[in-house]
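Worksheet: one structure, shown below.
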Amino acid sequence: MPTSTIRAWTIGLLMTTICSSLNALFLLRFPNISIGPYVVQLVSYPIGLAWARWLPNKEVSLFGLKANLNPGPFNVKEHVIIVAMANASFGGGAGYFVDTVVTLKKL
């Protein structure tokens, strides 16, 4: 089973960026809402299945390395990498800069 694929990295980075941004935005709300890795786990699975179904089986070259856009069915290992990427980004909550901006606005 392929693990470190373009599909896993693209979906993982997309979900990490979107959910971290939403967490930073919702931190300013009272009571704050938090999006956790379980949401990423539930949302990324259908996205991975759709990617495996609709994208062509085509090889591309990135920086001299050949990779396949659709290396086969979406598997558990790719799903674990996506959830691990999201979990690493949610570890400390929002970035420290958001707390600083909120404190400055209150002063």
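Numbering starts fresh at 1 for the residues of each chain in the structure tokens, the chains themselves are lettered A, B, ... in the order given, and ligands are numbered from 1 as they appear.
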Could you give me, as a PDB file with N, CA and C atoms, in the first residue's frame, the residues within 7 Å of range 17-29 of chain A, counting only C-alpha atoms and dropping anything in the same chain fewer than 3 positions from it?
ATOM      1  N   LEU A  13      -2.417  18.672   4.023  1.00  0.00           N
ATOM      2  CA  LEU A  13      -2.075  20.088   4.133  1.00  0.00           C
ATOM      3  C   LEU A  13      -3.311  20.975   4.001  1.00  0.00           C
ATOM      4  N   LEU A  14      -4.217  20.591   3.131  1.00  0.00           N
ATOM      5  CA  LEU A  14      -5.460  21.360   2.967  1.00  0.00           C
ATOM      6  C   LEU A  14      -6.304  21.322   4.243  1.00  0.00           C
ATOM      7  N   ASN A  32     -15.541  29.716  23.037  1.00  0.00           N
ATOM      8  CA  ASN A  32     -14.816  29.352  21.832  1.00  0.00           C
ATOM      9  C   ASN A  32     -15.163  27.945  21.370  1.00  0.00           C
ATOM     10  N   ILE A  33     -15.128  27.794  20.059  1.00  0.00           N
ATOM     11  CA  ILE A  33     -15.422  26.520  19.398  1.00  0.00           C
ATOM     12  C   ILE A  33     -14.086  25.944  18.932  1.00  0.00           C
ATOM     13  N   SER A  34     -13.908  24.666  19.082  1.00  0.00           N
ATOM     14  CA  SER A  34     -12.660  24.033  18.675  1.00  0.00           C
ATOM     15  C   SER A  34     -12.950  22.890  17.709  1.00  0.00           C
ATOM     16  N   ILE A  35     -12.210  22.858  16.624  1.00  0.00           N
ATOM     17  CA  ILE A  35     -12.315  21.768  15.655  1.00  0.00           C
ATOM     18  C   ILE A  35     -11.155  20.830  15.929  1.00  0.00           C
ATOM     19  N   SER A  89      -0.951  19.792  14.086  1.00  0.00           N
ATOM     20  CA  SER A  89      -1.219  21.225  13.973  1.00  0.00           C
ATOM     21  C   SER A  89      -2.192  21.706  15.047  1.00  0.00           C
ATOM     22  N   PHE A  90      -3.017  20.827  15.581  1.00  0.00           N
ATOM     23  CA  PHE A  90      -3.982  21.219  16.608  1.00  0.00           C
ATOM     24  C   PHE A  90      -3.409  21.095  18.015  1.00  0.00           C
ATOM     25  N   ALA A  94      -4.608  27.466  19.188  1.00  0.00           N
ATOM     26  CA  ALA A  94      -4.263  28.532  18.247  1.00  0.00           C
ATOM     27  C   ALA A  94      -2.830  28.994  18.488  1.00  0.00           C
ATOM     28  N   VAL A  98      -2.350  34.939  18.073  1.00  0.00           N
ATOM     29  CA  VAL A  98      -3.765  35.257  18.259  1.00  0.00           C
ATOM     30  C   VAL A  98      -4.006  35.750  19.681  1.00  0.00           C
TER      31      VAL A  98
END
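The strand (DSSP E or B) portion of range 25-73 of chain A consists of A:Glu59, A:Val60, A:Ser61, A:Leu62, A:Leu65, A:Lys66, A:Ala67, A:Asn68, with states taken from DSSP on the backbone.
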Keeping only N, CA and C atoms, take the residues you just selected and write them out as a tab-separated table (two decimals), in the first residue's frame.
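Contents of again.tsv, freshly written:
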chain	number	residue	atom	x	y	z
A	59	GLU	N	1.19	9.77	-14.11
A	59	GLU	CA	2.45	10.07	-13.44
A	59	GLU	C	2.87	11.49	-13.75
A	60	VAL	N	3.30	12.20	-12.71
A	60	VAL	CA	3.82	13.55	-12.87
A	60	VAL	C	5.24	13.58	-12.30
A	61	SER	N	6.01	14.57	-12.75
A	61	SER	CA	7.38	14.72	-12.28
A	61	SER	C	7.49	16.00	-11.47
A	62	LEU	N	7.89	15.85	-10.20
A	62	LEU	CA	8.07	16.99	-9.32
A	62	LEU	C	9.52	17.03	-8.87
A	65	LEU	N	11.51	13.93	-9.31
A	65	LEU	CA	10.95	12.71	-8.75
A	65	LEU	C	9.61	12.41	-9.41
A	66	LYS	N	9.41	11.16	-9.78
A	66	LYS	CA	8.15	10.79	-10.39
A	66	LYS	C	7.16	10.32	-9.33
A	67	ALA	N	5.93	10.81	-9.45
A	67	ALA	CA	4.88	10.43	-8.51
A	67	ALA	C	3.59	10.23	-9.29
A	68	ASN	N	2.73	9.42	-8.74
A	68	ASN	CA	1.45	9.10	-9.37
A	68	ASN	C	0.34	9.89	-8.68
(message) Rounded to one decimal, what separation in Å do you get between CA of Gly64 in chain A and CA of Met1 in chain A?
(response)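 Computing it gives 22.7 Å between the two atoms.
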(message) Ranking A:Gln41, A:Thr16, A:Asn87, A:Asn75 by minimum distance to Ser4 in chain A and counting only C-alpha atoms, which one comes first?
(response) A:Asn75
(message) Please compute the CA of Val39 in chain A-CA of Ala8 in chain A distance, one decimal, in Å.
(response)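 Taking CA of Val39 in chain A and CA of Ala8 in chain A, their separation equals 16.4 Å.
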(request) Choose the residue, out of A:Trp51, A:Phe30, A:Trp9, A:Phe63, that has the smallest atom-to-atom separation from Ala84 in chain A; count only C-alpha atoms. (result) A:Trp9
(request) Extract the full set of helix (DSSP H, G or I) residues from range 16-66 of chain A according to DSSP on the backbone, and format it as a VMD selection string. (result) chain A and resid 16 to 26 37 to 54
(message) Env of Ala52 in chain A: 9 Å cut, atoms = only C-alpha atoms, seq-sep filter 5 positions within chain, self excluded. Answer as a list in words.
(response)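 Residues meeting the cut-off are Arg7, Ile47, Asn57, Leu69, Asn70, Pro71, Gly72, Pro73 and Phe74 of chain A.
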Output all heavy atoms for every residue in that selection, as a compact mmCIF listing (two decimals), in the first residue's frame.
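What follows is the written file part_20.txt:
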# COMPACT_ATOMS: atom_id res chain seq x y z
N ARG A 7 -1.61 12.53 -2.99
CA ARG A 7 -2.99 12.61 -2.48
C ARG A 7 -3.01 12.82 -0.97
O ARG A 7 -3.71 13.73 -0.47
CB ARG A 7 -3.72 11.31 -2.86
CG ARG A 7 -5.09 11.17 -2.28
CD ARG A 7 -5.80 9.96 -2.80
NE ARG A 7 -5.05 8.73 -2.62
CZ ARG A 7 -5.23 7.64 -3.35
NH1 ARG A 7 -6.12 7.62 -4.31
NH2 ARG A 7 -4.53 6.57 -3.12
N ILE A 47 -13.19 12.70 1.06
CA ILE A 47 -12.37 13.44 0.09
C ILE A 47 -11.35 12.50 -0.55
O ILE A 47 -11.13 12.54 -1.77
CB ILE A 47 -11.68 14.64 0.78
CG1 ILE A 47 -12.71 15.67 1.22
CG2 ILE A 47 -10.66 15.29 -0.16
CD1 ILE A 47 -12.14 16.79 2.07
N ASN A 57 -5.17 8.11 -13.41
CA ASN A 57 -3.96 7.40 -13.03
C ASN A 57 -2.82 7.92 -13.92
O ASN A 57 -2.52 7.36 -14.96
CB ASN A 57 -4.15 5.90 -13.20
CG ASN A 57 -2.99 5.12 -12.66
OD1 ASN A 57 -2.06 5.67 -12.10
ND2 ASN A 57 -3.06 3.81 -12.84
N LEU A 69 -0.53 10.52 -9.47
CA LEU A 69 -1.65 11.26 -8.89
C LEU A 69 -2.66 10.35 -8.22
O LEU A 69 -3.26 10.70 -7.23
CB LEU A 69 -2.36 12.08 -9.98
CG LEU A 69 -1.67 13.34 -10.46
CD1 LEU A 69 -2.48 13.98 -11.56
CD2 LEU A 69 -1.45 14.31 -9.33
N ASN A 70 -2.87 9.19 -8.79
CA ASN A 70 -3.85 8.25 -8.25
C ASN A 70 -3.21 6.87 -8.17
O ASN A 70 -3.35 6.06 -9.08
CB ASN A 70 -5.09 8.23 -9.15
CG ASN A 70 -6.24 7.50 -8.52
OD1 ASN A 70 -6.14 6.99 -7.41
ND2 ASN A 70 -7.35 7.43 -9.23
N PRO A 71 -2.49 6.56 -7.09
CA PRO A 71 -1.76 5.30 -7.02
C PRO A 71 -2.62 4.07 -6.72
O PRO A 71 -2.09 2.99 -6.53
CB PRO A 71 -0.76 5.54 -5.90
CG PRO A 71 -1.41 6.54 -5.03
CD PRO A 71 -2.24 7.40 -5.92
N GLY A 72 -3.92 4.24 -6.66
CA GLY A 72 -4.80 3.11 -6.36
C GLY A 72 -5.88 3.54 -5.40
O GLY A 72 -6.13 4.73 -5.22
N PRO A 73 -6.54 2.59 -4.77
CA PRO A 73 -7.60 2.96 -3.83
C PRO A 73 -7.04 3.68 -2.61
O PRO A 73 -5.90 3.46 -2.20
CB PRO A 73 -8.23 1.63 -3.45
CG PRO A 73 -7.34 0.58 -3.93
CD PRO A 73 -6.42 1.16 -4.93
N PHE A 74 -7.86 4.57 -2.05
CA PHE A 74 -7.49 5.30 -0.84
C PHE A 74 -7.38 4.29 0.30
O PHE A 74 -8.29 3.52 0.54
CB PHE A 74 -8.56 6.35 -0.54
CG PHE A 74 -8.22 7.28 0.58
CD1 PHE A 74 -7.17 8.16 0.48
CD2 PHE A 74 -8.95 7.28 1.75
CE1 PHE A 74 -6.86 9.03 1.50
CE2 PHE A 74 -8.66 8.14 2.78
CZ PHE A 74 -7.60 9.02 2.66
(request) Can you pull out every residue within 10 Å of Ile11 in chain A, counting only C-alpha atoms, but drop anything in the same chain fewer than 5 positions away, and send it as a list in words? (result)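 Contacts, in chain order: Ile6, Thr16, Thr17, Val40, Ser44, Tyr45, Ile47, Gly48, Trp51, Glu78, His79, Ile81, Ile82, Val83 and Met85 of chain A.
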Selection above as a file: all heavy atoms, as a CSV table (one decimal), in the first residue's frame:
chain,number,residue,atom,x,y,z
A,6,ILE,N,1.0,12.0,-3.2
A,6,ILE,CA,0.6,13.3,-3.4
A,6,ILE,C,-0.8,13.5,-2.9
A,6,ILE,O,-1.1,14.6,-2.3
A,6,ILE,CB,0.7,13.6,-4.9
A,6,ILE,CG1,2.1,13.7,-5.4
A,6,ILE,CG2,0.0,15.0,-5.2
A,6,ILE,CD1,2.2,13.9,-6.9
A,16,THR,N,-5.3,20.6,7.3
A,16,THR,CA,-4.6,21.3,8.4
A,16,THR,C,-4.7,22.8,8.3
A,16,THR,O,-5.0,23.5,9.3
A,16,THR,CB,-3.1,20.9,8.3
A,16,THR,OG1,-3.0,19.5,8.5
A,16,THR,CG2,-2.3,21.5,9.4
A,17,THR,N,-4.6,23.3,7.1
A,17,THR,CA,-4.7,24.8,6.9
A,17,THR,C,-6.0,25.3,7.2
A,17,THR,O,-6.2,26.3,7.9
A,17,THR,CB,-4.3,25.1,5.4
A,17,THR,OG1,-2.9,24.6,5.2
A,17,THR,CG2,-4.3,26.6,5.2
A,40,VAL,N,-11.4,16.1,11.2
A,40,VAL,CA,-10.5,15.9,10.0
A,40,VAL,C,-10.6,14.4,9.6
A,40,VAL,O,-10.7,14.1,8.4
A,40,VAL,CB,-9.1,16.3,10.4
A,40,VAL,CG1,-8.2,15.9,9.2
A,40,VAL,CG2,-9.0,17.8,10.6
A,44,SER,N,-11.9,13.9,5.9
A,44,SER,CA,-10.9,13.6,4.9
A,44,SER,C,-11.1,12.2,4.2
A,44,SER,O,-10.7,12.0,3.1
A,44,SER,CB,-9.5,13.6,5.6
A,44,SER,OG,-9.4,12.5,6.5
A,45,TYR,N,-11.9,11.3,4.9
A,45,TYR,CA,-12.1,10.0,4.3
A,45,TYR,C,-12.9,10.1,3.0
A,45,TYR,O,-12.5,9.6,1.9
A,45,TYR,CB,-12.7,9.1,5.3
A,45,TYR,CG,-12.9,7.7,4.8
A,45,TYR,CD1,-11.7,6.9,4.6
A,45,TYR,CD2,-14.1,7.1,4.4
A,45,TYR,CE1,-11.8,5.6,4.1
A,45,TYR,CE2,-14.2,5.8,3.9
A,45,TYR,CZ,-13.1,5.1,3.8
A,45,TYR,OH,-13.2,3.8,3.3
A,47,ILE,N,-13.2,12.7,1.1
A,47,ILE,CA,-12.4,13.4,0.1
A,47,ILE,C,-11.4,12.5,-0.6
A,47,ILE,O,-11.1,12.5,-1.8
A,47,ILE,CB,-11.7,14.6,0.8
A,47,ILE,CG1,-12.7,15.7,1.2
A,47,ILE,CG2,-10.7,15.3,-0.2
A,47,ILE,CD1,-12.1,16.8,2.1
A,48,GLY,N,-10.7,11.7,0.2
A,48,GLY,CA,-9.8,10.7,-0.3
A,48,GLY,C,-10.4,9.7,-1.2
A,48,GLY,O,-9.8,9.3,-2.3
A,51,TRP,N,-11.1,11.5,-4.5
A,51,TRP,CA,-9.9,11.7,-5.2
A,51,TRP,C,-9.5,10.4,-5.9
A,51,TRP,O,-9.1,10.4,-7.1
A,51,TRP,CB,-8.8,12.1,-4.3
A,51,TRP,CG,-7.5,12.4,-4.9
A,51,TRP,CD1,-6.7,11.6,-5.7
A,51,TRP,CD2,-6.7,13.6,-4.7
A,51,TRP,NE1,-5.6,12.2,-6.0
A,51,TRP,CE2,-5.5,13.5,-5.5
A,51,TRP,CE3,-6.9,14.8,-4.0
A,51,TRP,CZ2,-4.5,14.5,-5.5
A,51,TRP,CZ3,-5.9,15.8,-4.1
A,51,TRP,CH2,-4.8,15.6,-4.8
A,78,GLU,N,-2.7,6.2,4.2
A,78,GLU,CA,-2.9,7.6,3.8
A,78,GLU,C,-3.8,8.3,4.8
A,78,GLU,O,-3.5,9.5,5.1
A,78,GLU,CB,-3.4,7.6,2.4
A,78,GLU,CG,-2.5,7.2,1.3
A,78,GLU,CD,-3.1,7.1,0.0
A,78,GLU,OE1,-4.2,6.6,-0.1
A,78,GLU,OE2,-2.5,7.7,-1.0
A,79,HIS,N,-4.8,7.7,5.2
A,79,HIS,CA,-5.8,8.3,6.1
A,79,HIS,C,-5.1,8.6,7.5
A,79,HIS,O,-5.3,9.7,8.1
A,79,HIS,CB,-7.0,7.4,6.3
A,79,HIS,CG,-8.2,8.1,6.9
A,79,HIS,ND1,-9.0,7.5,7.7
A,79,HIS,CD2,-8.7,9.3,6.7
A,79,HIS,CE1,-10.0,8.3,8.1
A,79,HIS,NE2,-9.8,9.4,7.4
A,81,ILE,N,-1.9,9.2,7.9
A,81,ILE,CA,-1.0,10.4,7.7
A,81,ILE,C,-1.7,11.7,7.7
A,81,ILE,O,-1.3,12.7,8.3
A,81,ILE,CB,-0.2,10.2,6.4
A,81,ILE,CG1,0.9,9.2,6.6
A,81,ILE,CG2,0.4,11.5,6.0
A,81,ILE,CD1,1.8,8.9,5.4
A,82,ILE,N,-2.9,11.7,7.1
A,82,ILE,CA,-3.7,13.0,7.1
A,82,ILE,C,-4.1,13.3,8.5
A,82,ILE,O,-4.0,14.5,8.9
A,82,ILE,CB,-4.9,12.8,6.2
A,82,ILE,CG1,-4.5,12.6,4.7
A,82,ILE,CG2,-5.9,13.9,6.3
A,82,ILE,CD1,-5.5,12.1,3.8
A,83,VAL,N,-4.6,12.4,9.3
A,83,VAL,CA,-5.0,12.7,10.6
A,83,VAL,C,-3.9,13.0,11.5
A,83,VAL,O,-4.0,13.9,12.4
A,83,VAL,CB,-5.8,11.5,11.2
A,83,VAL,CG1,-6.2,11.7,12.6
A,83,VAL,CG2,-7.1,11.2,10.4
A,85,MET,N,-1.1,14.6,10.6
A,85,MET,CA,-0.8,16.0,10.2
A,85,MET,C,-1.7,17.0,10.9
A,85,MET,O,-1.2,18.0,11.4
A,85,MET,CB,-0.8,16.2,8.7
A,85,MET,CG,0.3,15.4,7.9
A,85,MET,SD,0.0,15.4,6.2
A,85,MET,CE,0.4,17.1,5.7
(request) Work out how far apart CA of Pro56 in chain A and CA of Leu42 in chain A are and give it in Å to one decimal. (result) 24.2 Å
